[in-house]
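work-v1.tsv, holding TSV, C-alpha atoms and all ligand atoms:
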```
chain	number	residue	atom	x	y	z
A	23	MET	CA	162.48	65.43	80.25
A	24	LYS	CA	159.96	62.87	81.42
A	25	LEU	CA	157.87	61.41	78.60
A	26	ALA	CA	154.78	59.27	79.17
A	27	VAL	CA	154.42	56.77	76.33
A	28	ILE	CA	150.92	55.41	75.82
A	29	GLU	CA	150.55	52.98	72.93
A	30	GLY	CA	146.81	52.49	73.53
A	31	ASP	CA	144.86	50.04	71.38
A	32	GLY	CA	144.99	48.53	67.89
A	33	ILE	CA	147.63	50.04	65.62
A	34	GLY	CA	148.70	52.39	68.43
A	35	ARG	CA	150.67	49.37	69.68
A	36	GLU	CA	152.44	49.12	66.32
A	37	VAL	CA	153.12	52.72	65.32
A	38	ILE	CA	154.31	53.98	68.72
A	39	PRO	CA	157.19	51.46	69.04
A	40	ALA	CA	158.34	52.65	65.57
A	41	ALA	CA	158.12	56.28	66.71
A	42	VAL	CA	160.05	55.55	69.93
A	43	LYS	CA	162.78	53.92	67.86
A	44	VAL	CA	163.06	57.18	65.87
A	45	LEU	CA	163.18	59.20	69.10
A	46	ASP	CA	165.94	56.90	70.43
A	47	ALA	CA	167.95	57.57	67.27
A	48	PHE	CA	168.54	61.16	68.48
A	49	GLY	CA	170.33	59.88	71.60
A	50	LEU	CA	168.60	62.44	73.81
A	51	GLU	CA	168.12	62.04	77.55
A	52	PHE	CA	164.51	61.03	78.09
A	53	GLU	CA	162.98	59.26	81.04
A	54	ILE	CA	160.30	57.16	79.38
A	55	VAL	CA	157.27	56.25	81.49
A	56	PRO	CA	155.22	53.54	79.74
A	57	LEU	CA	151.51	53.41	80.59
A	58	GLU	CA	148.86	50.98	79.46
A	59	LEU	CA	145.55	52.78	78.97
A	60	GLY	CA	142.51	52.32	76.80
A	61	TYR	CA	139.89	49.85	75.72
A	62	THR	CA	142.06	46.69	75.87
A	63	ARG	CA	142.82	47.46	79.48
A	64	TRP	CA	139.15	48.28	80.16
A	65	GLU	CA	138.12	44.89	78.79
A	66	ARG	CA	140.69	43.15	81.01
A	67	THR	CA	140.32	45.15	84.21
A	68	GLY	CA	137.13	47.23	83.92
A	69	THR	CA	139.18	50.47	84.05
A	70	ALA	CA	140.51	52.32	81.00
A	71	MET	CA	142.51	54.81	83.10
A	72	SER	CA	142.75	55.25	86.87
A	73	SER	CA	143.30	58.44	88.85
A	74	GLU	CA	146.82	57.12	89.66
A	75	ASP	CA	147.53	56.95	85.91
A	76	LEU	CA	146.39	60.53	85.58
A	77	ASP	CA	148.72	61.54	88.44
A	78	THR	CA	151.59	59.71	86.70
A	79	ILE	CA	150.85	61.59	83.47
A	80	LYS	CA	150.75	64.89	85.37
A	81	GLY	CA	154.19	64.04	86.75
A	82	CYS	CA	155.57	63.93	83.18
A	83	ASP	CA	156.37	66.85	80.88
A	84	ALA	CA	154.88	65.45	77.71
A	85	VAL	CA	152.99	62.46	76.34
A	86	LEU	CA	153.45	60.40	73.18
A	87	PHE	CA	150.17	58.64	72.46
A	88	GLY	CA	149.10	56.08	69.83
A	89	ALA	CA	145.34	55.72	69.64
A	90	VAL	CA	142.57	54.24	71.70
A	91	THR	CA	139.40	52.48	70.70
A	92	THR	CA	136.38	54.33	72.00
A	93	VAL	CA	133.18	52.35	72.35
A	94	PRO	CA	129.73	53.98	72.49
A	95	ASP	CA	129.11	52.37	75.91
A	96	PRO	CA	127.85	55.05	78.35
A	97	SER	CA	129.93	53.48	81.16
A	98	TYR	CA	133.16	53.87	79.13
A	99	LYS	CA	134.71	57.25	79.80
A	100	SER	CA	136.88	58.52	76.95
A	101	VAL	CA	140.55	58.38	77.97
A	102	LEU	CA	141.49	61.01	75.46
A	103	LEU	CA	138.85	63.55	76.42
A	104	THR	CA	139.68	63.07	80.09
A	105	ILE	CA	143.41	63.67	79.53
A	106	ARG	CA	142.78	66.71	77.32
A	107	LYS	CA	140.53	68.23	79.99
A	108	GLU	CA	142.66	67.29	83.02
A	109	LEU	CA	145.87	68.60	81.45
A	110	ASP	CA	144.00	71.59	80.00
A	111	LEU	CA	145.38	70.90	76.53
A	112	TYR	CA	143.33	73.60	74.87
A	113	ALA	CA	145.04	73.85	71.48
A	114	ASN	CA	144.97	70.95	69.05
A	115	ILE	CA	147.45	71.61	66.27
A	116	ARG	CA	147.17	69.66	63.03
A	117	PRO	CA	149.62	70.53	60.25
A	118	VAL	CA	148.45	69.56	56.77
A	119	LYS	CA	151.44	69.41	54.48
A	120	PRO	CA	152.21	67.13	51.54
A	121	LEU	CA	155.13	64.71	51.78
A	122	PRO	CA	157.60	64.45	48.88
A	123	GLY	CA	156.28	62.34	46.01
A	124	ILE	CA	152.91	61.61	47.65
A	125	THR	CA	149.73	63.18	46.34
A	126	GLY	CA	146.35	62.74	47.89
A	127	VAL	CA	142.81	62.86	46.51
A	128	ALA	CA	143.13	66.32	44.99
A	129	GLY	CA	146.32	65.28	43.12
A	130	ARG	CA	148.25	68.33	44.26
A	131	ASN	CA	151.07	69.29	46.57
A	132	ASP	CA	150.96	73.10	46.58
A	133	PHE	CA	149.49	73.53	50.06
A	134	ASP	CA	150.82	73.87	53.60
A	135	PHE	CA	148.39	74.91	56.30
A	136	ILE	CA	147.69	74.24	59.97
A	137	ILE	CA	144.34	73.54	61.57
A	138	VAL	CA	144.14	74.96	65.10
A	139	ARG	CA	141.26	73.28	66.85
A	140	GLU	CA	139.79	74.35	70.19
A	141	ASN	CA	140.26	71.20	72.24
A	142	THR	CA	138.38	71.44	75.52
A	143	GLU	CA	134.83	72.58	74.84
A	144	GLY	CA	132.34	72.70	71.93
A	145	LEU	CA	130.40	69.49	71.35
A	146	TYR	CA	133.02	67.49	73.25
A	147	SER	CA	131.93	69.06	76.54
A	148	GLY	CA	131.00	65.64	77.92
A	149	ILE	CA	127.76	67.16	79.20
A	150	GLU	CA	125.09	64.88	77.81
A	151	GLU	CA	122.13	62.71	78.59
A	152	ILE	CA	121.39	59.52	76.75
A	153	GLY	CA	117.82	58.18	76.81
A	154	PRO	CA	115.75	55.82	74.69
A	155	GLU	CA	113.60	58.65	73.26
A	156	LEU	CA	115.80	61.70	73.69
A	157	SER	CA	119.56	62.09	73.75
A	158	TRP	CA	121.39	65.36	73.82
A	159	THR	CA	124.90	66.81	74.15
A	160	LYS	CA	125.56	70.37	75.25
A	161	ARG	CA	127.78	72.44	72.97
A	162	ILE	CA	129.82	74.88	75.05
A	163	ILE	CA	131.50	78.00	73.68
A	164	THR	CA	133.06	80.33	76.26
A	165	ARG	CA	134.77	83.68	75.87
A	166	LYS	CA	137.82	82.39	77.75
A	167	GLY	CA	138.07	79.23	75.60
A	168	SER	CA	137.62	81.24	72.40
A	169	GLU	CA	140.12	83.90	73.46
A	170	ARG	CA	142.94	81.52	74.27
A	171	ILE	CA	142.58	79.48	71.08
A	172	ALA	CA	142.29	82.68	69.03
A	173	GLU	CA	145.48	83.98	70.68
A	174	TYR	CA	147.29	80.72	69.96
A	175	ALA	CA	146.21	80.79	66.30
A	176	CYS	CA	147.15	84.46	65.89
A	177	LYS	CA	150.64	83.93	67.35
A	178	LEU	CA	151.13	81.03	64.94
A	179	ALA	CA	149.85	83.13	62.02
A	180	LYS	CA	152.36	85.86	62.96
A	181	GLU	CA	155.20	83.31	62.65
A	182	ARG	CA	153.87	82.18	59.27
A	183	LYS	CA	152.07	84.19	56.55
A	184	ASN	CA	150.06	86.49	58.84
A	185	ARG	CA	146.81	85.02	57.52
A	186	LEU	CA	143.97	83.49	59.54
A	187	THR	CA	140.74	81.80	58.48
A	188	ILE	CA	138.06	81.45	61.15
A	189	VAL	CA	135.76	78.48	60.56
A	190	HIS	CA	132.31	78.40	62.22
A	191	LYS	CA	128.61	77.82	61.61
A	192	SER	CA	127.19	80.93	63.21
A	193	ASN	CA	124.36	81.20	60.67
A	194	VAL	CA	122.70	78.18	62.32
A	195	LEU	CA	124.54	77.66	65.62
A	196	LYS	CA	124.10	81.02	67.29
A	197	SER	CA	126.64	80.03	69.96
A	198	ASP	CA	129.31	80.26	67.27
A	199	LYS	CA	128.78	84.02	67.05
A	200	LEU	CA	130.76	84.37	70.31
A	201	PHE	CA	133.61	82.28	68.88
A	202	LEU	CA	133.60	84.26	65.63
A	203	ASP	CA	133.48	87.68	67.33
A	204	VAL	CA	136.33	86.81	69.69
A	205	CYS	CA	138.50	85.44	66.86
A	206	ARG	CA	137.86	88.51	64.69
A	207	LYS	CA	138.68	90.88	67.55
A	208	THR	CA	141.85	88.97	68.45
A	209	ALA	CA	143.04	88.83	64.83
A	210	ALA	CA	142.44	92.59	64.44
A	211	ALA	CA	144.41	93.26	67.66
A	212	TYR	CA	147.33	91.18	66.33
A	213	GLY	CA	147.22	92.98	62.97
A	214	ILE	CA	146.49	89.76	61.11
A	215	GLU	CA	144.77	89.53	57.75
A	216	TYR	CA	141.69	87.43	58.50
A	217	GLY	CA	138.55	86.07	56.94
A	218	ASP	CA	135.88	83.59	57.96
A	219	MET	CA	134.14	80.65	56.35
A	220	LEU	CA	131.12	78.54	57.19
A	221	VAL	CA	132.32	75.02	57.93
A	222	ASP	CA	130.34	73.42	55.09
A	223	SER	CA	131.79	75.74	52.42
A	224	MET	CA	135.18	75.33	54.06
A	225	ALA	CA	135.05	71.54	53.59
A	226	TYR	CA	134.53	72.08	49.86
A	227	SER	CA	137.11	74.85	49.62
A	228	LEU	CA	139.81	72.85	51.42
A	229	ILE	CA	139.57	70.16	48.76
A	230	MET	CA	139.27	72.57	45.80
A	231	HIS	CA	141.65	75.34	46.92
A	232	PRO	CA	143.88	74.09	49.77
A	233	GLU	CA	146.63	76.49	48.67
A	234	ARG	CA	144.53	79.45	49.86
A	235	TYR	CA	144.91	78.62	53.55
A	236	ASP	CA	147.61	79.12	56.11
A	237	VAL	CA	146.30	79.05	59.70
A	238	VAL	CA	142.74	77.85	60.17
A	239	VAL	CA	141.10	78.21	63.59
A	240	THR	CA	137.89	76.43	64.52
A	241	THR	CA	135.84	74.75	67.23
A	242	ASN	CA	136.33	71.22	68.52
A	243	LEU	CA	134.13	68.99	66.34
A	244	PHE	CA	134.63	70.98	63.13
A	245	GLY	CA	138.41	70.79	63.60
A	246	ASP	CA	138.24	67.06	64.23
A	247	ILE	CA	136.26	66.37	61.06
A	248	LEU	CA	138.10	68.80	58.79
A	249	SER	CA	141.50	67.46	59.80
A	250	ASP	CA	140.54	63.85	58.99
A	251	MET	CA	139.24	65.08	55.64
A	252	CYS	CA	142.51	66.91	55.05
A	253	ALA	CA	144.41	63.64	55.63
A	254	ALA	CA	142.91	62.62	52.26
A	255	LEU	CA	144.55	65.71	50.73
A	256	VAL	CA	147.91	64.55	52.08
A	257	GLY	CA	147.36	60.96	50.95
A	258	SER	CA	146.62	58.84	54.03
A	259	LEU	CA	145.42	59.10	57.60
A	260	GLY	CA	148.73	57.45	58.39
A	261	LEU	CA	150.59	60.66	57.47
A	262	VAL	CA	149.01	63.32	59.66
A	263	PRO	CA	150.35	64.10	63.16
A	264	SER	CA	148.89	66.34	65.83
A	265	ALA	CA	149.87	68.07	69.03
A	266	ASN	CA	147.63	68.95	71.96
A	267	ILE	CA	149.19	71.91	73.71
A	268	GLY	CA	148.43	73.56	77.04
A	269	ASP	CA	150.32	76.06	79.16
A	270	ARG	CA	152.04	73.31	81.17
A	271	TYR	CA	151.86	70.06	79.19
A	272	ALA	CA	152.03	68.83	75.62
A	273	PHE	CA	150.58	65.64	74.19
A	274	PHE	CA	151.44	64.27	70.75
A	275	GLU	CA	149.29	61.80	68.81
A	276	PRO	CA	148.67	60.81	65.21
A	277	VAL	CA	145.30	62.03	63.89
A	278	HIS	CA	144.25	58.47	63.07
A	279	GLY	CA	142.48	56.05	65.40
A	280	SER	CA	143.18	52.46	66.43
A	281	ALA	CA	142.20	51.12	62.96
A	282	PRO	CA	140.76	47.74	64.01
A	283	ASP	CA	140.51	46.73	60.33
A	284	ILE	CA	144.31	46.53	59.98
A	285	ALA	CA	145.43	46.11	63.62
A	286	GLY	CA	147.75	43.16	64.25
A	287	LYS	CA	148.80	42.88	60.59
A	288	GLY	CA	151.96	44.96	60.97
A	289	ILE	CA	151.07	47.18	58.00
A	290	ALA	CA	150.00	50.42	59.68
A	291	ASN	CA	151.81	53.47	58.39
A	292	PRO	CA	154.00	54.78	61.25
A	293	LEU	CA	154.85	58.13	59.58
A	294	ALA	CA	152.10	60.10	61.39
A	295	ALA	CA	153.44	58.81	64.72
A	296	ILE	CA	157.01	59.58	63.61
A	297	LEU	CA	155.95	63.12	62.64
A	298	CYS	CA	154.54	63.39	66.19
A	299	VAL	CA	158.12	62.85	67.41
A	300	LYS	CA	159.15	65.76	65.19
A	301	MET	CA	156.45	67.95	66.78
A	302	LEU	CA	157.61	66.84	70.24
A	303	LEU	CA	161.23	67.78	69.44
A	304	GLU	CA	160.10	71.14	68.02
A	305	TRP	CA	158.09	71.79	71.18
A	306	MET	CA	161.29	71.08	73.18
A	307	GLY	CA	163.21	73.55	70.99
A	308	GLU	CA	165.39	70.77	69.51
A	309	SER	CA	166.55	72.17	66.15
A	310	ARG	CA	167.69	68.76	64.86
A	311	SER	CA	163.99	67.79	64.56
A	312	ARG	CA	164.21	68.84	60.89
A	313	ILE	CA	166.23	65.73	60.08
A	314	ILE	CA	163.00	63.72	60.46
A	315	ASP	CA	161.68	65.41	57.29
A	316	GLU	CA	164.87	64.45	55.48
A	317	ALA	CA	164.67	60.86	56.75
A	318	ILE	CA	161.05	60.55	55.65
A	319	ALA	CA	161.85	62.00	52.21
A	320	HIS	CA	164.65	59.42	51.96
A	321	VAL	CA	162.44	56.40	52.77
A	322	LEU	CA	159.67	57.64	50.47
A	323	GLN	CA	162.13	58.07	47.65
A	324	LYS	CA	163.40	54.51	48.27
A	325	LYS	CA	159.75	53.35	48.17
A	326	ILE	CA	159.93	51.88	51.66
A	327	ILE	CA	156.21	52.48	52.08
A	328	THR	CA	153.24	50.75	53.68
A	329	PRO	CA	150.19	49.42	51.74
A	330	ASP	CA	148.06	52.57	52.35
A	331	LEU	CA	150.55	54.34	50.03
A	332	GLY	CA	150.68	51.46	47.57
A	333	GLY	CA	153.80	49.77	49.00
A	334	THR	CA	154.56	46.46	50.68
A	335	ALA	CA	156.77	47.53	53.60
A	336	SER	CA	155.77	46.75	57.17
A	337	THR	CA	155.38	49.24	60.02
A	338	ILE	CA	158.66	48.00	61.49
A	339	GLU	CA	160.56	48.28	58.20
A	340	VAL	CA	159.47	51.90	57.70
A	341	GLY	CA	160.29	52.78	61.33
A	342	ASN	CA	163.71	51.11	61.11
A	343	ALA	CA	164.55	52.85	57.81
A	344	VAL	CA	163.72	56.29	59.25
A	345	ALA	CA	165.66	55.57	62.46
A	346	GLU	CA	168.71	54.27	60.55
A	347	TYR	CA	168.84	57.42	58.41
A	348	ILE	CA	168.77	59.57	61.54
A	349	VAL	CA	171.48	57.57	63.34
A	350	LYS	CA	173.75	58.02	60.29
A	351	ASN	CA	173.02	61.69	59.66
A	352	VAL	CA	172.14	63.37	62.94
A	401	LIG	P1	140.72	55.11	62.09
A	401	LIG	O1	141.48	56.38	61.95
A	401	LIG	O2	141.18	54.18	63.12
A	401	LIG	O3	140.70	54.35	60.68
A	401	LIG	C1	140.07	54.90	59.52
A	401	LIG	C2	140.66	54.21	58.26
A	401	LIG	O4	141.99	54.69	58.04
A	401	LIG	C3	140.77	52.70	58.40
A	401	LIG	O5	140.47	52.10	57.17
A	401	LIG	C4	142.22	52.47	58.76
A	401	LIG	O6	142.73	51.22	58.37
A	401	LIG	C5	142.93	53.62	58.05
A	401	LIG	N1	144.11	54.04	58.80
A	401	LIG	C6	144.13	54.74	59.95
A	401	LIG	N2	145.38	54.93	60.37
A	401	LIG	C7	146.17	54.30	59.48
A	401	LIG	C8	147.59	54.12	59.38
A	401	LIG	N3	148.44	54.63	60.31
A	401	LIG	N4	148.08	53.42	58.35
A	401	LIG	C9	147.25	52.91	57.41
A	401	LIG	N5	145.90	53.07	57.45
A	401	LIG	C10	145.37	53.74	58.47
A	401	LIG	O7	139.20	55.51	62.34
A	401	LIG	P2	137.96	54.60	62.77
A	401	LIG	O8	138.06	53.27	62.09
A	401	LIG	O9	136.77	55.44	62.56
A	401	LIG	O10	138.13	54.41	64.32
A	401	LIG	C11	138.62	53.22	64.94
A	401	LIG	C12	138.66	53.44	66.45
A	401	LIG	O11	139.61	54.45	66.75
A	401	LIG	C13	137.32	53.91	67.04
A	401	LIG	O12	137.11	53.26	68.26
A	401	LIG	C14	137.52	55.39	67.28
A	401	LIG	O13	136.74	55.86	68.35
A	401	LIG	C15	139.00	55.43	67.60
A	401	LIG	N6	139.66	56.71	67.32
A	401	LIG	C16	140.63	57.05	68.20
A	401	LIG	C17	141.35	58.19	67.97
A	401	LIG	C18	142.44	58.52	68.95
A	401	LIG	O14	142.72	57.75	69.84
A	401	LIG	N7	143.06	59.66	68.81
A	401	LIG	C19	141.12	58.98	66.84
A	401	LIG	C20	140.14	58.57	65.93
A	401	LIG	C21	139.42	57.42	66.19
```
Step by step, read the file and then write its structure as structure tokens.
Ligand code: NAD
Amino acid sequence: MKLAVIEGDGIGREVIPAAVKVLDAFGLEFEIVPLELGYTRWERTGTAMSSEDLDTIKGCDAVLFGAVTTVPDPSYKSVLLTIRKELDLYANIRPVKPLPGITGVAGRNDFDFIIVRENTEGLYSGIEEIGPELSWTKRIITRKGSERIAEYACKLAKERKNRLTIVHKSNVLKSDKLFLDVCRKTAAAYGIEYGDMLVDSMAYSLIMHPERYDVVVTTNLFGDILSDMCAALVGSLGLVPSANIGDRYAFFEPVHGSAPDIAGKGIANPLAAILCVKMLLEWMGESRSRIIDEAIAHVLQKKIITPDLGGTASTIEVGNAVAEYIVKNV
């Protein structure tokens, strides 16, 4: 297994070393290919990612990624969007599950759902024109894109509670009617109990009634926003992992960004990045991945926690504590 490791910018450079330490604790055979990509590199060299880097990534099986800073400079091409498109990582999977002893804004821990976000089209099409008087971005919804994400979500729903919620805004964005129709048809074909929600009501409902949901499928931007909001349900952006899955490659990254406000202080929560390692191991079919949940429960119970959760531990201390538990118990 060849794994590209891209720390990126800001706290990506702090949380990914902690996650790699946890991966090392399993003693698995990985060929690690480190790559420096992102804004820091762009500032130094004028290139955030070259075509050779992309070839190197395509020569790997999977990617572990921290976060990159994206600047609103039209000449700066988003590394993340380019990789998602080039590797055709069409399904962005974001589990929203409470961790033991941690409650988020809603003060509850009776929920466990997964947001399945279409990852290659929608408002992140990259087709846009920026002008002083008029700027626009094209929002793309295709039958093919909708079908494959609907299929992915339905297969996942079959493995879970057989329930699917389709999130859209087809009352205003008529293009969403195609997405909604395809998802409904696919869910019916899979024999899944399904319903749909407008994204604005869904935002409210996810905070008020998160226990109602199991698999939630939606378009690119809605999924991006809802999953950050759901990090508040879990308790911190530093706790939510994600996977970008395609037919050939998989790419794992915490939901959070490069967090310039805390970068360099050594206090970023590495648990989202560590949970990305769990998702990577699951994707590989490694059943021992479950021990990561146990290790995290152990460090939370011992209150080895970073300041976002009210603790005083550093990124390195949390990473080391999780890794030590795994070495002893795997
Ligand atoms: P952010 O997720 O970086 O930070 C939002 C807030 O959450 C900040 O207060 C930050 O300190 C806190 N936070 C985030 N992760 C944390 C962690 N692991 N532990 C403790 N606290 C944490 O979002 P932002 O500030 O809007 O974006 C900063 C930069 O990151 C921007 O350039 C943005 O484009 C980029 N970004 C990148 C990705 C990615 O690479 N996947 C995702 C989102 C944002």
Neighbouring residues of Leu200 of chain A were defined as those with any atom within 9 Å, considering only C-alpha atoms; residues of the same chain fewer than 6 positions away were excluded. Please report them as a PyMOL selection string.
chain A and resi 163-165+168+192
Report as JSON the centre and the edge lengths, in Å to one decimal, of the axis-aligned box holding every listed atom of ligand LIG 401 (chain A), padded by 4 Å on each side.
```
{"center_x": 142.6, "center_y": 55.4, "center_z": 63.5, "size_x": 19.7, "size_y": 16.4, "size_z": 20.7}
```
For ligand LIG 401 (chain A), which residue out of A:Leu322, A:Ile162, A:Met224, A:Ala295 is the nearest one, using only C-alpha atoms and all ligand atoms?
A:Ala295
Can you list, as a CSV table (one decimal) with C-alpha atoms, keeping the file's coordinate frame, every protein, DNA or RNA residue that comes within 10 Å of Gly167 of chain A when you count only C-alpha atoms, leaving out same-chain residues fewer than 2 positions away?
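File produced: part-v5.csv:
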```
chain,number,residue,atom,x,y,z
A,112,TYR,CA,143.3,73.6,74.9
A,113,ALA,CA,145.0,73.8,71.5
A,140,GLU,CA,139.8,74.4,70.2
A,141,ASN,CA,140.3,71.2,72.2
A,142,THR,CA,138.4,71.4,75.5
A,143,GLU,CA,134.8,72.6,74.8
A,144,GLY,CA,132.3,72.7,71.9
A,162,ILE,CA,129.8,74.9,75.0
A,163,ILE,CA,131.5,78.0,73.7
A,164,THR,CA,133.1,80.3,76.3
A,165,ARG,CA,134.8,83.7,75.9
A,169,GLU,CA,140.1,83.9,73.5
A,170,ARG,CA,142.9,81.5,74.3
A,171,ILE,CA,142.6,79.5,71.1
A,172,ALA,CA,142.3,82.7,69.0
A,201,PHE,CA,133.6,82.3,68.9
A,204,VAL,CA,136.3,86.8,69.7
A,241,THR,CA,135.8,74.8,67.2
```
Sort by chain and increasing residue number a table of all residues of chain A within 6 Å of ligand LIG 401 (chain A), each with its closest pair of atoms and their distance in Å to one decimal, counting all atoms listed in the file, and write it as CSV.
```
residue,atom,partner,partner_atom,distance
A:Ala89,CA,A:LIG401,O14,3.3
A:Val90,CA,A:LIG401,O14,4.0
A:Thr91,CA,A:LIG401,O12,3.4
A:Thr92,CA,A:LIG401,O12,4.0
A:Val93,CA,A:LIG401,O12,5.7
A:Leu259,CA,A:LIG401,N2,5.0
A:Gly260,CA,A:LIG401,N3,3.4
A:Val277,CA,A:LIG401,N7,5.9
A:His278,CA,A:LIG401,O1,3.6
A:Gly279,CA,A:LIG401,O2,3.2
A:Ser280,CA,A:LIG401,O11,4.1
A:Ala281,CA,A:LIG401,O2,3.2
A:Pro282,CA,A:LIG401,C11,6.0
A:Asp283,CA,A:LIG401,O6,5.4
A:Ile284,CA,A:LIG401,O6,5.2
A:Ala290,CA,A:LIG401,N4,3.8
A:Asn291,CA,A:LIG401,N4,3.7
A:Pro292,CA,A:LIG401,N3,5.6
A:Asp330,CA,A:LIG401,C9,5.1
```
So how many Å separate atom CA of Arg312 of chain A and atom CA of Gly341 of chain A, to one decimal?
16.5 Å
Step by step: start from the point (157.3, 63.2, 78.7) in the file's coordinates, keep every protein, DNA or RNA residue that has an atom no farther than 10 Å from it, count all atoms listed in the file, and write the set as a ChimeraX atom specification.
/A:23-27,52-56,79-86,271-274,302
For the residues in the current selection, export C-alpha atoms as a compact mmCIF listing (two decimals), in the frame of the given file.
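again.txt, freshly written:
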```
# COMPACT_ATOMS: atom_id res chain seq x y z
CA MET A 23 162.48 65.43 80.25
CA LYS A 24 159.96 62.87 81.42
CA LEU A 25 157.87 61.41 78.60
CA ALA A 26 154.78 59.27 79.17
CA VAL A 27 154.42 56.77 76.33
CA PHE A 52 164.51 61.03 78.09
CA GLU A 53 162.98 59.26 81.04
CA ILE A 54 160.30 57.16 79.38
CA VAL A 55 157.27 56.25 81.49
CA PRO A 56 155.22 53.54 79.74
CA ILE A 79 150.85 61.59 83.47
CA LYS A 80 150.75 64.89 85.37
CA GLY A 81 154.19 64.04 86.75
CA CYS A 82 155.57 63.93 83.18
CA ASP A 83 156.37 66.85 80.88
CA ALA A 84 154.88 65.45 77.71
CA VAL A 85 152.99 62.46 76.34
CA LEU A 86 153.45 60.40 73.18
CA TYR A 271 151.86 70.06 79.19
CA ALA A 272 152.03 68.83 75.62
CA PHE A 273 150.58 65.64 74.19
CA PHE A 274 151.44 64.27 70.75
CA LEU A 302 157.61 66.84 70.24
```
Kindly extract all protein, DNA and RNA residues lying within 8 Å of the coordinates (129.5, 72.9, 61.0) given in the file, considering only C-alpha atoms, and supply them as JSON, numbers by chain.
{"A": [190, 191, 220, 221, 222, 244]}
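Here atom CA of Ala317 of chain A and atom CA of Leu248 of chain A stand 27.8 Å from one another.
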Might you pull out every residue within 10 Å of Lys160 of chain A, with all atoms listed in the file counted and same-chain residues fewer than 6 positions away left off, and present them as a PDB file with C-alpha atoms, in the frame of the given file?
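The result, stored in part_35.pdb:
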```pdb
ATOM      1  CA  GLU A 143     134.830  72.580  74.840  1.00  0.00           C
ATOM      2  CA  GLY A 144     132.340  72.700  71.930  1.00  0.00           C
ATOM      3  CA  LEU A 145     130.400  69.490  71.350  1.00  0.00           C
ATOM      4  CA  TYR A 146     133.020  67.490  73.250  1.00  0.00           C
ATOM      5  CA  SER A 147     131.930  69.060  76.540  1.00  0.00           C
ATOM      6  CA  GLY A 148     131.000  65.640  77.920  1.00  0.00           C
ATOM      7  CA  ILE A 149     127.760  67.160  79.200  1.00  0.00           C
ATOM      8  CA  GLU A 150     125.090  64.880  77.810  1.00  0.00           C
ATOM      9  CA  GLU A 151     122.130  62.710  78.590  1.00  0.00           C
TER      10      GLU A 151
END
```
Using atom CA of Phe135 of chain A and atom CA of Asp236 of chain A as the two end points, give the distance in Å to one decimal.
4.3 Å
Using only C-alpha atoms, find each residue in segment 88-133 of chain A having at least one atom no more than 12 Å away from segment 152-159 of chain A; report its shortest atom-to-atom pair and that distance in Å (one decimal), rows by chain then rising number, as a Markdown table.
```
| residue | atom | partner | partner_atom | distance |
| --- | --- | --- | --- | --- |
| A:Pro94 | CA | A:Ile152 | CA | 10.9 |
| A:Asp95 | CA | A:Ile152 | CA | 10.6 |
| A:Pro96 | CA | A:Ile152 | CA | 8.0 |
| A:Ser97 | CA | A:Ile152 | CA | 11.4 |
```
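Minimum atom-to-atom distance to Val321 of chain A, evaluated using all atoms listed in the file, belongs to A:Tyr347 out of A:Tyr174, A:Tyr98, A:Trp305, A:Tyr347.
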Pick the closest to Lys350 of chain A from A:Val118, A:Ala70, A:Ala179, A:Ala47: which is it, counting only C-alpha atoms?
A:Ala47
